[in-house]
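Below is one structure, written out as structure tokens, with a few remarks after it.
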Amino acid sequence: MLDKLDNKKVLIMNTKKILGTALIALLGGVVAVFAYTRFFDPGTKIVTAETVQPISFANLPGGGFDASSLDFTVAAENTVHAVVHVKTQSTRNSYYRNPIYEFFYGEKYQADPEPVIGFGSGVIMSEDGYIVTNNHVIDNSDKVYVTLNDNREFEAKLIGADPSTDLAVLKIDAENIHHLKWGNSDNLKLGEWVLAVGNPFNLTSTVTAGIISAKGRNLNIIQDRYRIESFIQTDAALNRGNSGGALVNLKSELVGINTAILSPSGGYSGNSFAVPVSIVQKVVEDLIEYGTVQRALLGVSIRDVNSELIDEEKLKLDEIKGVFVESLSENGAAEDAGIERGDIITAINDIQVNNVAELQEQVSRYRPKEKITVTLLRDNKKKQFEVVLRNMQGNTNVVTADAVNSILGGTFAEISDNEKQSLGVKNGVKIKSLNSGKLKSAGIKEGFIITKINENEVHTVRDINRILGSIEGGVFIEGVYPNGEVEYYAFPK
């Protein structure tokens, strides 16, 4: 009996031990599972009503997502009504070599003039009908026609053109027209969205979008001695016919005039270029007010600062920046202010310039007689100079279109590429008309193409003004008539 009781006690004690061990094991397991899920398992999270967090996109900035910032519709709608289709009409003279004809008549054979039609774009900039476009769109045209977005068509008057920036201003007499507001191309940032509006391949009112890819691009595509190139580069799609169209920001403000593409095929290849509005606005205002651009010159020949230049000039610089002054115009604005060869210009009016294009863009904003502050490095030490800018004649006077086009009793026009090719010349300016003056007295006739003055090549009307303005003695003119006859004239100034 006692044995049975003892065995029963032992059994009860063993059972309690087993249950205790099991309970401890169970509690340990719960603790272990909790600890694992709480601290080690990344795929599991304990969520309660108090701990629920709002869901957010990890790839968006902390400020949140504003869908309206990527809405192009307002800018597109505002812009298409201010962008016009430009059609030009001109004639082309074709010349053929005919040895028998030349033997009897001593000149080339000229075929009947051929009509030539060109197309491009333009931007209305005022409610009274002033339109800005590219010079190459309307260059050498006899008539220019403008078609608005509502299909009204007008014959436009050419107010003025500036080959140096490839810009021109037209005027139409129209009512109830839309126009764009000037933007600020200085404020454009790399990666910022912009819209390009124009008429590629005569497809009117075409809108494309892209971002600012670069600023201050110098492409060397403008064929003018005093060219100013500081293009805005974008990846907005442009094609033939887009020239002269609008580049706008998302506020519908004009920030550039679309001008060129960089393409091995002739079609869009991912790079397009626009003249910044910082240049456009001043050129447009000058052409409207004076008929010609008031070009301000610093009077320096400049180069980009790079490793090659540093080795060549043995420069000692803390960093590679600025624009190197290679030479100065005699008695020019920079020389008179104290700037020297070898100086490195780093800023114009406290705005940094790190290449030729940026310096040209800054100076182009000013007119002759205006004063600018030039910051430069000389012997690696910072210096500043006050410079009074001058015009192409070396003075500070205002230059008017009448003054340019009536030099020595003549009016002039630049010749086309076709005329250059047919006459076998690479440059020249044609005399359109003659009044009483030294040109007519010297025996020069209308139609004569001036190629050189005192051994200086003449490419533009401004070249004539500039060269004659610097001559103190006699004038020696070389040129050719439309029939191919070469002539030389000399007379005292």
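Each chain in the structure tokens gets a letter, A, B, ..., in the order shown, and its residues are numbered from 1; ligands are numbered from 1 in order too.
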- Item | For Arg227 (chain A): contacts at 8 Å, only C-alpha atoms, fewer than 2 positions along chain excluded, given as a PyMOL selection string | chain A and resi 163-165+222-225+229
With a cut-off of 8 Å, could you pull out the residues of region 162-230 of chain A touching region 253-271 of chain A and give me the nearest pair of atoms for each, distance in Å to one decimal, using only C-alpha atoms, ordered by chain and ascending number, as a Markdown table?
| residue | atom | partner | partner_atom | distance |
| --- | --- | --- | --- | --- |
| A:Leu180 | CA | A:Leu254 | CA | 6.3 |
| A:Lys181 | CA | A:Glu253 | CA | 5.3 |
| A:Trp182 | CA | A:Leu254 | CA | 5.2 |
| A:Gly183 | CA | A:Glu253 | CA | 4.7 |
| A:Asn184 | CA | A:Val255 | CA | 6.0 |
| A:Ser185 | CA | A:Val255 | CA | 5.1 |
| A:Ala196 | CA | A:Asn258 | CA | 7.4 |
Please produce an output containing N, CA, C and O atoms for each residue in the selection, written as a compact mmCIF listing (two decimals), in the first residue's frame.
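So result.txt came out as:
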# COMPACT_ATOMS: atom_id res chain seq x y z
N LEU A 180 3.82 87.03 -77.04
CA LEU A 180 4.47 86.44 -75.87
C LEU A 180 5.16 87.51 -75.05
O LEU A 180 5.52 88.57 -75.54
N LYS A 181 5.36 87.20 -73.78
CA LYS A 181 6.09 88.08 -72.89
C LYS A 181 7.56 87.64 -72.84
O LYS A 181 7.86 86.46 -72.99
N TRP A 182 8.42 88.62 -72.60
CA TRP A 182 9.83 88.29 -72.46
C TRP A 182 10.05 87.49 -71.17
O TRP A 182 9.53 87.83 -70.11
N GLY A 183 10.85 86.44 -71.26
CA GLY A 183 11.27 85.70 -70.08
C GLY A 183 12.68 86.12 -69.68
O GLY A 183 13.16 87.19 -70.08
N ASN A 184 13.34 85.28 -68.91
CA ASN A 184 14.71 85.57 -68.47
C ASN A 184 15.55 84.31 -68.67
O ASN A 184 15.46 83.37 -67.89
N SER A 185 16.33 84.31 -69.73
CA SER A 185 17.14 83.13 -70.04
C SER A 185 18.26 82.93 -69.03
O SER A 185 18.79 81.82 -68.90
N ALA A 196 9.18 73.88 -77.38
CA ALA A 196 9.56 74.49 -78.66
C ALA A 196 8.33 74.48 -79.56
O ALA A 196 7.68 73.44 -79.73
- Message: When you look at Asn397 (chain A) with a cut-off of 12 Å (counting only C-alpha atoms), what residues show up, excluding the ones that are within fewer than 6 positions of it in the same chain? I need them as a count of residues only.
- Response: 11
Using only C-alpha atoms, which protein or nucleic acid residues come within 8 Å of Asn456 (chain A)? Drop anything in the same chain fewer than 3 positions from it, and give the result as a PDB file with N, CA and C atoms, in the first residue's frame.
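And here's around.pdb as it stands now:
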ATOM      1  N   LYS A 452      36.581  94.189-101.783  1.00  0.00           N
ATOM      2  CA  LYS A 452      37.644  94.651-100.891  1.00  0.00           C
ATOM      3  C   LYS A 452      37.706  96.172-100.873  1.00  0.00           C
ATOM      4  N   ILE A 453      38.059  96.723 -99.706  1.00  0.00           N
ATOM      5  CA  ILE A 453      38.361  98.146 -99.579  1.00  0.00           C
ATOM      6  C   ILE A 453      39.710  98.259 -98.891  1.00  0.00           C
ATOM      7  N   ILE A 467      35.414  99.891 -92.168  1.00  0.00           N
ATOM      8  CA  ILE A 467      36.677 100.116 -92.883  1.00  0.00           C
ATOM      9  C   ILE A 467      36.830 101.579 -93.271  1.00  0.00           C
TER      10      ILE A 467
END
- Task: Report as a ChimeraX atom specification: the residues of region 104-282 of chain A with a DSSP assignment of helix (DSSP H, G or I), based on the backbone of this structure.
- Result: /A:104-105,135-138,185-187,200-202,277-282
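Closest approach to Gly410 (chain A) among A:Lys314, A:Arg365, A:Lys143, A:Lys432 is made by A:Lys432 (distances from only C-alpha atoms).
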